[in-house]
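J.: If it helps, the file is called my_file_3.pdb and holds PDB, C-alpha atoms, pLDDT in the B column:
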```pdb
MODEL        1
ATOM      1  CA  MET P   1     -17.765   2.655   5.536  1.00 42.00           C
ATOM      2  CA  ASN P   2     -19.571   5.636   4.192  1.00 44.00           C
ATOM      3  CA  GLU P   3     -22.058   4.044   1.793  1.00 47.00           C
ATOM      4  CA  LEU P   4     -21.729   6.910  -0.668  1.00 50.00           C
ATOM      5  CA  GLU P   5     -17.953   6.975  -0.721  1.00 76.00           C
ATOM      6  CA  GLY P   6     -15.592   4.018  -0.978  1.00 85.00           C
ATOM      7  CA  PRO P   7     -12.192   3.763   0.667  1.00 91.00           C
ATOM      8  CA  VAL P   8     -10.211   5.284  -2.216  1.00 91.00           C
ATOM      9  CA  PRO P   9     -11.839   8.745  -2.123  1.00 94.00           C
ATOM     10  CA  GLN P  10     -11.703   8.623   1.670  1.00 94.00           C
ATOM     11  CA  VAL P  11      -7.932   7.984   1.571  1.00 96.00           C
ATOM     12  CA  VAL P  12      -7.404  10.849  -0.875  1.00 96.00           C
ATOM     13  CA  ASP P  13      -9.513  13.214   1.239  1.00 96.00           C
ATOM     14  CA  ALA P  14      -7.822  12.157   4.503  1.00 96.00           C
ATOM     15  CA  VAL P  15      -4.296  12.614   3.134  1.00 97.00           C
ATOM     16  CA  ALA P  16      -5.186  15.968   1.589  1.00 97.00           C
ATOM     17  CA  GLU P  17      -6.690  17.106   4.892  1.00 97.00           C
ATOM     18  CA  ALA P  18      -3.630  15.917   6.847  1.00 97.00           C
ATOM     19  CA  GLU P  19      -1.396  17.923   4.504  1.00 97.00           C
ATOM     20  CA  GLY P  20      -3.678  20.945   4.232  1.00 98.00           C
ATOM     21  CA  VAL P  21      -3.933  20.735   0.441  1.00 97.00           C
ATOM     22  CA  GLU P  22      -6.638  20.150  -2.137  1.00 97.00           C
ATOM     23  CA  PRO P  23      -7.166  16.469  -3.047  1.00 96.00           C
ATOM     24  CA  ALA P  24      -6.604  17.165  -6.759  1.00 95.00           C
ATOM     25  CA  THR P  25      -3.075  18.423  -6.034  1.00 96.00           C
ATOM     26  CA  LEU P  26      -1.785  15.152  -4.540  1.00 97.00           C
ATOM     27  CA  ASP P  27       1.128  13.842  -6.576  1.00 96.00           C
ATOM     28  CA  PRO P  28       1.585  11.035  -7.342  1.00 96.00           C
ATOM     29  CA  PRO P  29      -2.081  10.166  -7.651  1.00 95.00           C
ATOM     30  CA  LEU P  30      -3.167   7.397  -5.285  1.00 94.00           C
ATOM     31  CA  THR P  31      -3.858   5.154  -8.291  1.00 93.00           C
ATOM     32  CA  GLU P  32      -0.102   5.034  -8.959  1.00 94.00           C
ATOM     33  CA  VAL P  33       0.525   3.654  -5.464  1.00 94.00           C
ATOM     34  CA  VAL P  34      -2.339   1.238  -4.864  1.00 95.00           C
ATOM     35  CA  ASP P  35      -4.828  -0.490  -7.157  1.00 95.00           C
ATOM     36  CA  PRO P  36      -8.128   1.218  -6.273  1.00 91.00           C
ATOM     37  CA  ASP P  37     -10.266  -1.669  -7.514  1.00 93.00           C
ATOM     38  CA  ALA P  38      -8.301  -4.191  -5.452  1.00 93.00           C
ATOM     39  CA  LEU P  39      -8.535  -2.027  -2.330  1.00 93.00           C
ATOM     40  CA  GLU P  40     -12.283  -1.569  -2.693  1.00 90.00           C
ATOM     41  CA  THR P  41     -12.803  -5.280  -3.379  1.00 90.00           C
ATOM     42  CA  LEU P  42     -10.775  -6.290  -0.328  1.00 89.00           C
ATOM     43  CA  ILE P  43     -12.808  -4.025   1.937  1.00 88.00           C
ATOM     44  CA  GLU P  44     -16.233  -4.660   0.421  1.00 84.00           C
ATOM     45  CA  ASP P  45     -15.822  -8.462   0.217  1.00 83.00           C
ATOM     46  CA  SER P  46     -14.224  -8.882   3.636  1.00 77.00           C
ATOM     47  CA  THR P  47     -15.788 -11.643   5.717  1.00 76.00           C
ATOM     48  CA  THR P  48     -13.571 -11.043   8.716  1.00 72.00           C
ATOM     49  CA  SER P  49     -13.684  -8.324  11.309  1.00 73.00           C
ATOM     50  CA  ALA P  50      -9.916  -8.293  11.663  1.00 83.00           C
ATOM     51  CA  LEU P  51      -8.963  -7.114   8.164  1.00 89.00           C
ATOM     52  CA  GLU P  52      -6.640  -4.141   7.868  1.00 92.00           C
ATOM     53  CA  VAL P  53      -5.045  -3.005   4.636  1.00 93.00           C
ATOM     54  CA  ARG P  54      -1.859  -1.006   5.219  1.00 95.00           C
ATOM     55  CA  PHE P  55       0.251   0.898   2.727  1.00 96.00           C
ATOM     56  CA  ALA P  56       2.443   3.971   2.494  1.00 97.00           C
ATOM     57  CA  TYR P  57       1.432   7.043   0.520  1.00 97.00           C
ATOM     58  CA  ARG P  58       3.236  10.405   0.404  1.00 97.00           C
ATOM     59  CA  GLY P  59       5.150   9.621   3.575  1.00 97.00           C
ATOM     60  CA  HIS P  60       2.038   8.613   5.516  1.00 97.00           C
ATOM     61  CA  ASP P  61       1.090   5.187   6.812  1.00 97.00           C
ATOM     62  CA  ILE P  62      -2.451   4.494   5.623  1.00 97.00           C
ATOM     63  CA  VAL P  63      -4.678   1.930   7.328  1.00 96.00           C
ATOM     64  CA  VAL P  64      -8.089   0.931   5.986  1.00 94.00           C
ATOM     65  CA  ASP P  65     -10.034  -1.460   8.197  1.00 91.00           C
ATOM     66  CA  ASP P  66     -12.783  -3.938   7.346  1.00 87.00           C
ATOM     67  CA  SER P  67     -15.474  -1.290   7.930  1.00 86.00           C
ATOM     68  CA  GLY P  68     -13.797   1.037   5.425  1.00 87.00           C
ATOM     69  CA  ARG P  69     -12.568   3.430   8.108  1.00 91.00           C
ATOM     70  CA  VAL P  70      -9.397   5.216   7.002  1.00 94.00           C
ATOM     71  CA  ARG P  71      -6.575   6.239   9.328  1.00 96.00           C
ATOM     72  CA  VAL P  72      -3.629   8.390   8.236  1.00 96.00           C
ATOM     73  CA  ASP P  73      -0.542   8.285  10.476  1.00 92.00           C
TER      74      ASP P  73
ENDMDL
END
```
Could you render the structure as structure tokens?
T.:
Amino acid sequence: MNELEGPVPQVVDAVAEAEGVEPATLDPPLTEVVDPDALETLIEDSTTSALEVRFAYRGHDIVVDDSGRVRVD
């Protein structure tokens, strides 16, 4: 995971990039879809190398792995 940026900003940036829009224009905000604190805690406190958090946001399947890497499908 990028040490300066947690998974939540990375998800917002990745979805905005996939859609070709500015992150601030995403509606609904990611915080209405997933609890940002819970997501960050799951990733940061993971003791397994097989953790993947999956959820849907704006019609995309989002996957965040134990390293904090974000994939938008």
J.: So that I can see what lies close to Asp61 in chain P, please list as a list in words the residues with an atom at most 12 Å from it, counting all atoms listed in the file and leaving out residues fewer than 6 positions away in the same chain.
T.: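 Listing them by chain and then by number gives Val11, Ala14, Val15, Ala18, Val53, Arg54, Phe55, Val70, Arg71, Val72 and Asp73 of chain P.
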J.: Determine the axis-aligned bounding box of all atoms of range 50-68 of chain P present in the file, pad each side by 8 Å, and express its centre and edge lengths in Å to one decimal place as JSON.
T.:
```
{"center_x": -5.2, "center_y": 1.1, "center_z": 6.0, "size_x": 36.6, "size_y": 34.7, "size_z": 27.3}
```
J.: Name the residues captured by the PyMOL selection byres ((chain P and resi 23-40) around 10) when it is applied to the shown file; answer as a VMD selection string.
T.: chain P and resid 6 to 9 11 to 17 19 to 22 41 to 46 53 55 to 58 64 68
J.: For Leu51 in chain P, please output as a PDB file with C-alpha atoms, keeping the file's coordinate frame all residues within 7 Å (counting only C-alpha atoms; exclusion window: fewer than 2 positions along the same chain).
T.:
```
ATOM      1  CA  THR P  48     -13.571 -11.043   8.716  1.00 72.00           C
ATOM      2  CA  SER P  49     -13.684  -8.324  11.309  1.00 73.00           C
ATOM      3  CA  VAL P  53      -5.045  -3.005   4.636  1.00 93.00           C
ATOM      4  CA  ASP P  65     -10.034  -1.460   8.197  1.00 91.00           C
ATOM      5  CA  ASP P  66     -12.783  -3.938   7.346  1.00 87.00           C
TER       6      ASP P  66
END
```
J.: Any chance you could model all heavy atoms for range 54-65 of chain P and send them as a PDB file, in the frame of the given file?
T.:
```pdb
ATOM      1  N   ARG P  54      -2.837  -2.047   4.888  1.00 95.00           N
ATOM      2  CA  ARG P  54      -1.859  -1.006   5.219  1.00 95.00           C
ATOM      3  C   ARG P  54      -0.966  -0.750   4.014  1.00 95.00           C
ATOM      4  O   ARG P  54      -0.531  -1.686   3.359  1.00 95.00           O
ATOM      5  CB  ARG P  54      -0.992  -1.436   6.391  1.00 95.00           C
ATOM      6  CG  ARG P  54      -1.742  -1.644   7.669  1.00 95.00           C
ATOM      7  CD  ARG P  54      -0.836  -2.243   8.748  1.00 95.00           C
ATOM      8  NE  ARG P  54      -1.542  -2.342  10.004  1.00 95.00           N
ATOM      9  CZ  ARG P  54      -1.467  -1.442  10.973  1.00 95.00           C
ATOM     10  NH1 ARG P  54      -0.681  -0.394  10.854  1.00 95.00           N
ATOM     11  NH2 ARG P  54      -2.171  -1.595  12.074  1.00 95.00           N
ATOM     12  N   PHE P  55      -0.680   0.531   3.787  1.00 96.00           N
ATOM     13  CA  PHE P  55       0.251   0.898   2.727  1.00 96.00           C
ATOM     14  C   PHE P  55       0.768   2.301   2.999  1.00 96.00           C
ATOM     15  O   PHE P  55       0.205   3.040   3.809  1.00 96.00           O
ATOM     16  CB  PHE P  55      -0.398   0.790   1.332  1.00 96.00           C
ATOM     17  CG  PHE P  55      -1.625   1.646   1.136  1.00 96.00           C
ATOM     18  CD1 PHE P  55      -1.524   2.910   0.586  1.00 96.00           C
ATOM     19  CD2 PHE P  55      -2.875   1.166   1.491  1.00 96.00           C
ATOM     20  CE1 PHE P  55      -2.654   3.691   0.397  1.00 96.00           C
ATOM     21  CE2 PHE P  55      -4.016   1.935   1.306  1.00 96.00           C
ATOM     22  CZ  PHE P  55      -3.901   3.202   0.756  1.00 96.00           C
ATOM     23  N   ALA P  56       1.848   2.646   2.347  1.00 97.00           N
ATOM     24  CA  ALA P  56       2.443   3.971   2.494  1.00 97.00           C
ATOM     25  C   ALA P  56       2.044   4.827   1.298  1.00 97.00           C
ATOM     26  O   ALA P  56       2.003   4.350   0.166  1.00 97.00           O
ATOM     27  CB  ALA P  56       3.962   3.863   2.569  1.00 97.00           C
ATOM     28  N   TYR P  57       1.767   6.089   1.574  1.00 97.00           N
ATOM     29  CA  TYR P  57       1.432   7.043   0.520  1.00 97.00           C
ATOM     30  C   TYR P  57       1.868   8.431   0.957  1.00 97.00           C
ATOM     31  O   TYR P  57       1.464   8.912   2.010  1.00 97.00           O
ATOM     32  CB  TYR P  57      -0.077   7.014   0.241  1.00 97.00           C
ATOM     33  CG  TYR P  57      -0.545   7.993  -0.811  1.00 97.00           C
ATOM     34  CD1 TYR P  57       0.045   8.026  -2.072  1.00 97.00           C
ATOM     35  CD2 TYR P  57      -1.588   8.869  -0.568  1.00 97.00           C
ATOM     36  CE1 TYR P  57      -0.382   8.911  -3.035  1.00 97.00           C
ATOM     37  CE2 TYR P  57      -2.026   9.758  -1.527  1.00 97.00           C
ATOM     38  CZ  TYR P  57      -1.423   9.778  -2.766  1.00 97.00           C
ATOM     39  OH  TYR P  57      -1.840  10.655  -3.736  1.00 97.00           O
ATOM     40  N   ARG P  58       2.726   9.051   0.170  1.00 97.00           N
ATOM     41  CA  ARG P  58       3.236  10.405   0.404  1.00 97.00           C
ATOM     42  C   ARG P  58       3.826  10.567   1.798  1.00 97.00           C
ATOM     43  O   ARG P  58       3.642  11.585   2.449  1.00 97.00           O
ATOM     44  CB  ARG P  58       2.139  11.432   0.154  1.00 97.00           C
ATOM     45  CG  ARG P  58       1.736  11.516  -1.312  1.00 97.00           C
ATOM     46  CD  ARG P  58       0.636  12.519  -1.535  1.00 97.00           C
ATOM     47  NE  ARG P  58       0.911  13.834  -1.007  1.00 97.00           N
ATOM     48  CZ  ARG P  58       1.454  14.839  -1.698  1.00 97.00           C
ATOM     49  NH1 ARG P  58       1.808  14.673  -2.948  1.00 97.00           N
ATOM     50  NH2 ARG P  58       1.644  16.012  -1.120  1.00 97.00           N
ATOM     51  N   GLY P  59       4.507   9.545   2.271  1.00 97.00           N
ATOM     52  CA  GLY P  59       5.150   9.621   3.575  1.00 97.00           C
ATOM     53  C   GLY P  59       4.229   9.334   4.747  1.00 97.00           C
ATOM     54  O   GLY P  59       4.635   9.461   5.895  1.00 97.00           O
ATOM     55  N   HIS P  60       3.013   8.943   4.473  1.00 97.00           N
ATOM     56  CA  HIS P  60       2.038   8.613   5.516  1.00 97.00           C
ATOM     57  C   HIS P  60       1.818   7.105   5.522  1.00 97.00           C
ATOM     58  O   HIS P  60       1.868   6.457   4.481  1.00 97.00           O
ATOM     59  CB  HIS P  60       0.683   9.287   5.248  1.00 97.00           C
ATOM     60  CG  HIS P  60       0.743  10.766   5.169  1.00 97.00           C
ATOM     61  ND1 HIS P  60       0.797  11.571   6.285  1.00 97.00           N
ATOM     62  CD2 HIS P  60       0.765  11.596   4.102  1.00 97.00           C
ATOM     63  CE1 HIS P  60       0.829  12.840   5.903  1.00 97.00           C
ATOM     64  NE2 HIS P  60       0.822  12.886   4.577  1.00 97.00           N
ATOM     65  N   ASP P  61       1.543   6.566   6.699  1.00 97.00           N
ATOM     66  CA  ASP P  61       1.090   5.187   6.812  1.00 97.00           C
ATOM     67  C   ASP P  61      -0.425   5.225   6.780  1.00 97.00           C
ATOM     68  O   ASP P  61      -1.063   5.883   7.610  1.00 97.00           O
ATOM     69  CB  ASP P  61       1.572   4.551   8.126  1.00 97.00           C
ATOM     70  CG  ASP P  61       3.075   4.377   8.148  1.00 97.00           C
ATOM     71  OD1 ASP P  61       3.645   4.037   7.091  1.00 97.00           O
ATOM     72  OD2 ASP P  61       3.679   4.579   9.211  1.00 97.00           O
ATOM     73  N   ILE P  62      -1.005   4.517   5.814  1.00 97.00           N
ATOM     74  CA  ILE P  62      -2.451   4.494   5.623  1.00 97.00           C
ATOM     75  C   ILE P  62      -2.968   3.141   6.097  1.00 97.00           C
ATOM     76  O   ILE P  62      -2.400   2.106   5.750  1.00 97.00           O
ATOM     77  CB  ILE P  62      -2.829   4.679   4.138  1.00 97.00           C
ATOM     78  CG1 ILE P  62      -2.114   5.877   3.513  1.00 97.00           C
ATOM     79  CG2 ILE P  62      -4.334   4.731   3.954  1.00 97.00           C
ATOM     80  CD1 ILE P  62      -2.446   7.210   4.113  1.00 97.00           C
ATOM     81  N   VAL P  63      -4.035   3.160   6.867  1.00 96.00           N
ATOM     82  CA  VAL P  63      -4.678   1.930   7.328  1.00 96.00           C
ATOM     83  C   VAL P  63      -6.163   2.037   6.986  1.00 96.00           C
ATOM     84  O   VAL P  63      -6.822   3.016   7.336  1.00 96.00           O
ATOM     85  CB  VAL P  63      -4.523   1.724   8.843  1.00 96.00           C
ATOM     86  CG1 VAL P  63      -5.209   0.443   9.293  1.00 96.00           C
ATOM     87  CG2 VAL P  63      -3.052   1.723   9.244  1.00 96.00           C
ATOM     88  N   VAL P  64      -6.667   1.027   6.283  1.00 94.00           N
ATOM     89  CA  VAL P  64      -8.089   0.931   5.986  1.00 94.00           C
ATOM     90  C   VAL P  64      -8.571  -0.352   6.634  1.00 94.00           C
ATOM     91  O   VAL P  64      -8.036  -1.424   6.345  1.00 94.00           O
ATOM     92  CB  VAL P  64      -8.365   0.909   4.469  1.00 94.00           C
ATOM     93  CG1 VAL P  64      -9.869   0.894   4.201  1.00 94.00           C
ATOM     94  CG2 VAL P  64      -7.703   2.089   3.768  1.00 94.00           C
ATOM     95  N   ASP P  65      -9.571  -0.253   7.521  1.00 91.00           N
ATOM     96  CA  ASP P  65     -10.034  -1.460   8.197  1.00 91.00           C
ATOM     97  C   ASP P  65     -11.235  -2.068   7.477  1.00 91.00           C
ATOM     98  O   ASP P  65     -11.706  -1.529   6.470  1.00 91.00           O
ATOM     99  CB  ASP P  65     -10.298  -1.214   9.681  1.00 91.00           C
ATOM    100  CG  ASP P  65     -11.516  -0.350   9.962  1.00 91.00           C
ATOM    101  OD1 ASP P  65     -12.378  -0.169   9.065  1.00 91.00           O
ATOM    102  OD2 ASP P  65     -11.619   0.154  11.082  1.00 91.00           O
TER     103      ASP P  65
END
```
